[in-house]
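For reference, target.txt is printed below; it contains compact mmCIF, C-alpha atoms and all ligand atoms.
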# COMPACT_ATOMS: atom_id res chain seq x y z
CA MET A 1 134.84 168.56 111.06
CA SER A 2 132.46 167.70 108.24
CA LEU A 3 128.86 166.53 108.64
CA THR A 4 126.67 164.24 106.54
CA PRO A 5 122.84 164.43 106.50
CA VAL A 6 122.64 161.33 108.72
CA PHE A 7 121.58 163.40 111.72
CA LEU A 8 118.73 165.19 109.88
CA PRO A 9 115.80 162.92 110.87
CA ALA A 10 116.67 163.17 114.58
CA LEU A 11 117.24 166.92 114.24
CA ILE A 12 113.86 167.45 112.55
CA GLN A 13 112.18 165.45 115.33
CA SER A 14 113.90 167.67 117.93
CA ILE A 15 112.65 170.78 116.10
CA ALA A 16 109.10 169.34 116.07
CA ASP A 17 109.35 168.68 119.82
CA GLU A 18 110.66 172.18 120.57
CA LEU A 19 107.85 173.82 118.56
CA GLU A 20 105.30 171.67 120.38
CA LYS A 21 106.78 172.64 123.75
CA ASN A 22 106.41 176.34 122.84
CA ALA A 23 103.12 175.94 120.99
CA GLN A 24 100.96 178.09 123.25
CA TYR A 25 103.46 180.92 123.34
CA ILE A 26 103.98 180.95 119.55
CA ALA A 27 100.23 180.83 118.93
CA ALA A 28 99.74 183.78 121.29
CA LEU A 29 102.40 185.84 119.47
CA ASP A 30 100.76 185.18 116.11
CA GLN A 31 97.31 185.94 117.50
CA ALA A 32 98.64 189.30 118.70
CA ILE A 33 100.11 190.54 115.40
CA GLY A 34 99.36 187.88 112.75
CA ASP A 35 96.42 185.71 111.76
CA GLY A 36 97.15 182.89 114.17
CA ASP A 37 98.25 180.26 111.66
CA HIS A 38 102.05 180.51 111.82
CA LEU A 39 102.63 177.57 114.16
CA VAL A 40 100.23 175.35 112.23
CA ASN A 41 101.91 176.29 108.95
CA LEU A 42 105.31 175.44 110.36
CA GLN A 43 104.12 172.20 111.92
CA ARG A 44 102.59 171.16 108.59
CA GLY A 45 106.01 171.65 106.97
CA ILE A 46 107.89 169.82 109.73
CA ASN A 47 105.41 166.93 109.63
CA ALA A 48 105.91 166.63 105.87
CA LEU A 49 109.67 166.39 106.50
CA LEU A 50 109.12 163.80 109.23
CA ALA A 51 106.97 161.80 106.82
CA MET A 52 110.03 161.42 104.57
CA GLY A 53 111.41 159.12 107.27
CA GLY A 54 115.07 158.28 106.91
CA GLU A 55 115.18 159.27 103.21
CA LEU A 56 116.93 162.60 103.86
CA ALA A 57 119.71 160.86 105.76
CA GLU A 58 120.71 158.95 102.63
CA LEU A 59 121.08 161.95 100.32
CA ASP A 60 123.97 164.24 99.47
CA TRP A 61 123.67 167.70 101.04
CA PRO A 62 122.59 169.68 97.93
CA ILE A 63 119.82 167.21 97.16
CA ALA A 64 118.74 166.95 100.80
CA LEU A 65 118.56 170.76 101.11
CA LYS A 66 116.61 171.03 97.86
CA LYS A 67 114.12 168.36 98.99
CA ILE A 68 113.67 170.15 102.31
CA GLY A 69 113.03 173.44 100.53
CA MET A 70 110.57 172.00 98.00
CA THR A 71 108.73 170.10 100.73
CA LEU A 72 108.41 173.17 102.95
CA MET A 73 107.35 175.30 99.99
CA THR A 74 104.49 172.96 99.06
CA ALA A 75 103.43 171.78 102.53
CA MET A 76 103.52 174.97 104.57
CA GLY A 77 101.61 177.80 102.95
CA GLY A 78 101.63 181.32 104.37
CA ALA A 79 104.40 183.83 103.82
CA SER A 80 106.72 181.71 105.91
CA GLY A 81 106.26 178.67 103.62
CA SER A 82 107.64 180.38 100.54
CA LEU A 83 110.38 182.07 102.59
CA TYR A 84 111.63 178.87 104.25
CA GLY A 85 111.33 177.07 100.90
CA THR A 86 113.42 179.82 99.30
CA LEU A 87 116.01 179.64 102.11
CA PHE A 88 116.71 175.93 101.66
CA ILE A 89 116.51 175.89 97.85
CA ALA A 90 118.99 178.80 97.65
CA MET A 91 121.28 177.01 100.12
CA SER A 92 121.15 173.93 97.94
CA LYS A 93 122.08 175.96 94.83
CA ALA A 94 124.99 177.60 96.66
CA PHE A 95 126.44 174.24 97.73
CA VAL A 96 129.57 173.80 95.66
CA SER A 97 131.41 171.03 97.48
CA GLN A 98 129.85 167.80 98.74
CA GLU A 99 131.34 168.43 102.17
CA LEU A 100 129.63 170.42 104.86
CA THR A 101 132.09 172.24 107.06
CA ILE A 102 131.29 175.27 109.18
CA ALA A 103 133.16 177.50 106.72
CA ASN A 104 131.10 176.45 103.71
CA PHE A 105 127.93 176.38 105.81
CA ALA A 106 128.54 180.07 106.62
CA ILE A 107 128.73 180.79 102.88
CA ILE A 108 125.67 178.83 101.81
CA PHE A 109 123.58 180.04 104.76
CA ASN A 110 124.29 183.64 103.80
CA GLU A 111 123.32 182.89 100.19
CA GLY A 112 120.05 181.46 101.51
CA VAL A 113 119.42 184.55 103.66
CA GLN A 114 120.13 186.77 100.66
CA ALA A 115 117.46 184.90 98.68
CA VAL A 116 114.95 185.28 101.53
CA LYS A 117 115.63 189.04 101.61
CA GLN A 118 114.94 189.25 97.89
CA ARG A 119 111.84 187.09 98.02
CA GLY A 120 110.37 188.92 101.01
CA LYS A 121 111.64 192.32 99.86
CA ALA A 122 112.67 192.86 103.46
CA GLU A 123 115.72 193.94 105.41
CA VAL A 124 116.82 193.85 109.01
CA GLY A 125 114.63 196.02 111.28
CA GLU A 126 111.25 195.21 109.66
CA LYS A 127 110.09 192.82 112.42
CA THR A 128 110.34 189.50 110.59
CA MET A 129 112.29 186.25 110.69
CA LEU A 130 115.05 188.19 108.89
CA ASP A 131 115.83 189.93 112.19
CA VAL A 132 117.13 186.54 113.28
CA LEU A 133 118.43 185.18 109.97
CA ILE A 134 120.53 188.21 108.95
CA PRO A 135 122.43 188.65 112.25
CA VAL A 136 122.97 184.88 112.50
CA GLY A 137 124.40 184.90 108.97
CA ASN A 138 126.76 187.70 109.98
CA ALA A 139 127.75 185.91 113.20
CA LEU A 140 128.61 182.78 111.21
CA LYS A 141 130.64 184.76 108.69
CA ASN A 142 132.53 186.70 111.39
CA GLY A 143 133.07 183.60 113.52
CA VAL A 144 134.63 181.77 110.58
CA SER A 145 136.83 184.70 109.54
CA ASN A 146 137.99 185.16 113.16
CA ASN A 147 138.78 181.44 113.38
CA LEU A 148 136.55 180.95 116.43
CA LEU A 149 136.52 177.50 117.94
CA LEU A 150 133.37 175.72 116.79
CA ALA A 151 132.01 175.60 120.36
CA ASP A 152 132.45 179.38 120.71
CA LEU A 153 130.99 180.04 117.30
CA LEU A 154 127.90 177.98 118.23
CA SER A 155 127.45 180.03 121.43
CA GLU A 156 127.79 183.21 119.42
CA VAL A 157 125.12 182.01 116.97
CA GLU A 158 122.80 181.07 119.83
CA HIS A 159 123.13 184.47 121.55
CA THR A 160 122.72 186.28 118.25
CA ALA A 161 119.53 184.36 117.41
CA ILE A 162 118.05 185.18 120.82
CA SER A 163 118.96 188.86 120.73
CA GLY A 164 117.69 189.14 117.13
CA MET A 165 114.36 187.60 118.17
CA GLU A 166 114.12 189.94 121.16
CA SER A 167 114.98 192.97 119.03
CA THR A 168 111.70 192.52 117.13
CA ARG A 169 109.62 193.37 120.22
CA ASP A 170 109.94 197.14 119.93
CA MET A 171 110.07 197.28 116.15
CA LEU A 172 107.37 198.66 113.91
CA ALA A 173 106.31 195.96 111.45
CA THR A 174 106.72 197.14 107.88
CA LYS A 175 106.37 193.77 106.09
CA GLY A 176 103.82 190.96 106.21
CA ARG A 177 100.44 190.94 107.93
CA ALA A 178 101.75 192.56 111.12
CA SER A 179 102.39 195.74 109.11
CA PHE A 180 98.60 196.25 108.83
CA LEU A 181 98.62 197.01 112.58
CA GLU A 182 101.06 199.90 112.12
CA GLU A 183 101.98 201.34 115.57
CA ARG A 184 100.00 198.61 117.34
CA SER A 185 102.53 196.06 116.07
CA ARG A 186 105.04 197.41 118.61
CA GLY A 187 105.41 195.64 121.94
CA HIS A 188 105.08 192.08 120.57
CA ILE A 189 107.82 189.71 119.47
CA ASP A 190 107.39 188.65 115.84
CA PRO A 191 106.15 185.02 115.73
CA GLY A 192 108.30 184.19 112.69
CA ALA A 193 111.40 185.55 114.44
CA LYS A 194 110.56 183.47 117.53
CA THR A 195 110.17 180.20 115.62
CA CYS A 196 113.29 180.91 113.57
CA GLN A 197 115.26 181.47 116.80
CA LEU A 198 113.90 178.26 118.33
CA ILE A 199 114.86 176.26 115.24
CA ILE A 200 118.37 177.75 115.17
CA CYS A 201 118.86 177.02 118.88
CA VAL A 202 117.83 173.38 118.36
CA ILE A 203 120.32 173.08 115.48
CA VAL A 204 123.04 174.60 117.69
CA GLY A 205 122.18 172.11 120.45
CA SER A 206 122.39 169.20 118.04
CA LEU A 207 125.75 170.33 116.65
CA ARG A 208 127.05 170.88 120.16
CA GLU A 209 126.20 167.27 121.06
CA GLN A 210 128.03 166.09 117.97
CA ILE A 211 131.23 168.01 118.62
CA LEU A 212 131.20 167.50 122.37
CA PRO A 213 129.79 164.00 122.86
CA ALA A 214 128.73 163.31 126.46
P1 LIG A 301 101.25 184.64 106.89
O1 LIG A 301 101.76 185.95 107.36
O2 LIG A 301 101.09 184.58 105.41
O3 LIG A 301 100.02 184.20 107.65
P2 LIG A 301 102.85 182.92 108.56
O4 LIG A 301 101.89 183.23 109.64
O5 LIG A 301 103.17 181.47 108.38
O6 LIG A 301 102.40 183.54 107.19
O7 LIG A 301 104.26 183.62 108.84
C1 LIG A 301 104.32 184.91 109.37
C2 LIG A 301 105.78 185.25 109.56
O8 LIG A 301 106.45 185.35 108.31
C3 LIG A 301 105.98 186.61 110.21
O9 LIG A 301 105.93 186.51 111.62
C4 LIG A 301 107.34 187.07 109.70
O10 LIG A 301 108.40 186.63 110.53
C5 LIG A 301 107.47 186.33 108.38
N1 LIG A 301 107.30 187.24 107.25
C6 LIG A 301 106.15 187.76 106.76
N2 LIG A 301 106.40 188.55 105.70
C7 LIG A 301 107.75 188.55 105.51
C8 LIG A 301 108.64 189.17 104.56
N3 LIG A 301 108.19 189.95 103.57
N4 LIG A 301 109.96 188.93 104.70
C9 LIG A 301 110.43 188.13 105.67
N5 LIG A 301 109.64 187.51 106.58
C10 LIG A 301 108.32 187.71 106.51
MG MG A 302 99.98 183.88 109.62
Could you express the structure from this file as structure tokens?
Ligand code: ADP
Ligand code: MG
Amino acid sequence: MSLTPVFLPALIQSIADELEKNAQYIAALDQAIGDGDHLVNLQRGINALLAMGGELAELDWPIALKKIGMTLMTAMGGASGSLYGTLFIAMSKAFVSQELTIANFAIIFNEGVQAVKQRGKAEVGEKTMLDVLIPVGNALKNGVSNNLLLADLLSEVEHTAISGMESTRDMLATKGRASFLEERSRGHIDPGAKTCQLIICVIVGSLREQILPA
């Protein structure tokens, strides 16, 4: 199965809706260990993507991914703006074929995650969005090399995103603003890991609908 960017506008709208539905919770997480602007930063980025209307749907994948990255980079602000921008721009650069299959998505996603690690100078276990992105990248890679059925691979990605997000609760933050709190950063889920998990779960839901139409 290969996908074109036609479903992007509807997907971005679903992400906007999911963030809105969880707005209070996300804001509370960022008030606990951040400076309270994470949701607003993310919504600014998503709104800028929504403002592009159907334009993304018409583009080839590498150009669509690059536009998403540049738009997020300029519209969002905050640490998360440059990190999400980096993720999509690196994915665009890693795109060698015009086709998007799950196998080449696993490759380009991992290239994107690699770039985020370099940009943020962070690894797994530092209480950031990378505690979702890195395990999800590994789940994609393993799922593809084990020839999992797409439906099973999507479930694996979903569970991995949720457990990665939950794993941040007991971690000590060593990167970003939350690190200023030192030991007091423990006991709270990282807001960037939460929003990253929500976004990944919406993408999984959208792909599931496309492979298993009702
Ligand atoms: P800021 O911290 O600049 O206010 P945001 O509030 O938008 O930016 O985003 C905060 C989120 O960014 C954190 O919850 C964390 O997940 C992520 N983050 C912060 N610093 C890093 C980093 N160095 N590497 C990876 N992710 C990071
Ligand atoms: Mg913040």
Could you list the protein, DNA and RNA residues that have any atom within 9 Å of ligand LIG 301 (chain A), counting all atoms listed in the file, and write them as a count of residues only? 47
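A search radius of 6 Å centred on (109.1, 196.0, 122.4), applied to all atoms listed in the file, returns the residues Arg169, Asp170, Arg186, Gly187 and His188 of chain A.
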Could you name the residues that touch segment 139-142 of chain A at 7 Å or less, counting all atoms listed in the file, but leaving out those on the same chain fewer than 3 positions away, as number ranges by chain? A: 106, 135-136, 145-146, 156-157
Residue with smallest distance to ligand MG 302 (chain A) - pool A:Ala10, A:Gln31, A:Leu19, A:Leu65, counting only C-alpha atoms and all ligand atoms: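 That would be A:Gln31, the residue with the smallest distance to ligand MG 302 (chain A).
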Please measure the separation of atom CA of Ala90 of chain A and atom CA of Leu133 of chain A, giving the value in Å to one decimal.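 Result for atom CA of Ala90 of chain A versus atom CA of Leu133 of chain A: 13.9 Å, one decimal.
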Report the distance between atom CA of Ala16 of chain A and atom CA of Gln43 of chain A in Å, rounded to one decimal place. 7.1 Å
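Atom CA of Gly143 of chain A is positioned 23.4 Å from atom CA of Thr168 of chain A.
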Ser163 of chain A proximity check over A:Val6, A:Val144, A:Cys201, A:Ala94, using only C-alpha atoms: winner is A:Cys201
Which residue of A:Ala27, A:Leu172, A:Pro62, A:Ser97 approaches ligand MG 302 (chain A) most closely, using only C-alpha atoms and all ligand atoms: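 Nearest to ligand MG 302 (chain A): A:Ala27.
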Quick one: everything within 8 Å of Leu72 of chain A, counting all atoms listed in the file, minus sequence neighbours fewer than 3 positions away in the same chain. Send it as a list in words.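 Once the adjacent positions are removed, what remains is Gly45, Ile46, Ala48, Leu49, Ile68, Gly69, Ala75, Met76, Gly81, Ser82, Tyr84 and Gly85 of chain A.
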Return the single residue from A:Ile211, A:Ile89, A:Ala32, A:Ala23 that is closest to ligand MG 302 (chain A), with distances computed using only C-alpha atoms and all ligand atoms.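 Using only C-alpha atoms and all ligand atoms, ligand MG 302 (chain A) sits closest to A:Ala32.
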Shell of 12 Å around Gly205 of chain A, only C-alpha atoms, local chain residues under 6 positions omitted, as a list of chain:residue names: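 With the cut-off at 12 Å, the set is A:Leu11, A:Ser14, A:Ile15, A:Glu18, A:Ala151, A:Leu154, A:Ser155, A:Val157, A:Glu158, A:Leu198, A:Ile199, A:Ile211, A:Leu212, A:Pro213.
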Find the residues around Gly54 of chain A up to 12 Å (only C-alpha atoms counted), leave out those fewer than 6 positions away in its own chain, and share them as a list in words. Pro5, Val6, Phe7, Leu8, Pro9, Ala10, Leu11, Ile12, Gln13 and Ala64 of chain A
Answer as an MDAnalysis selection string, residues within 12 Å of (122.1, 165.7, 97.5) using only C-alpha atoms: chainID A and resid 4:5 55:68 89 91:93 95:100
Using all atoms listed in the file, which of A:Glu183, A:Thr71, A:Glu20, A:Ala161 sits nearest Ile200 of chain A? A:Ala161
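When only C-alpha atoms are used to compute distances to Arg44 of chain A, the closest of the residues A:Met73, A:Ala28, A:Leu207, A:Val113 turns out to be A:Met73.
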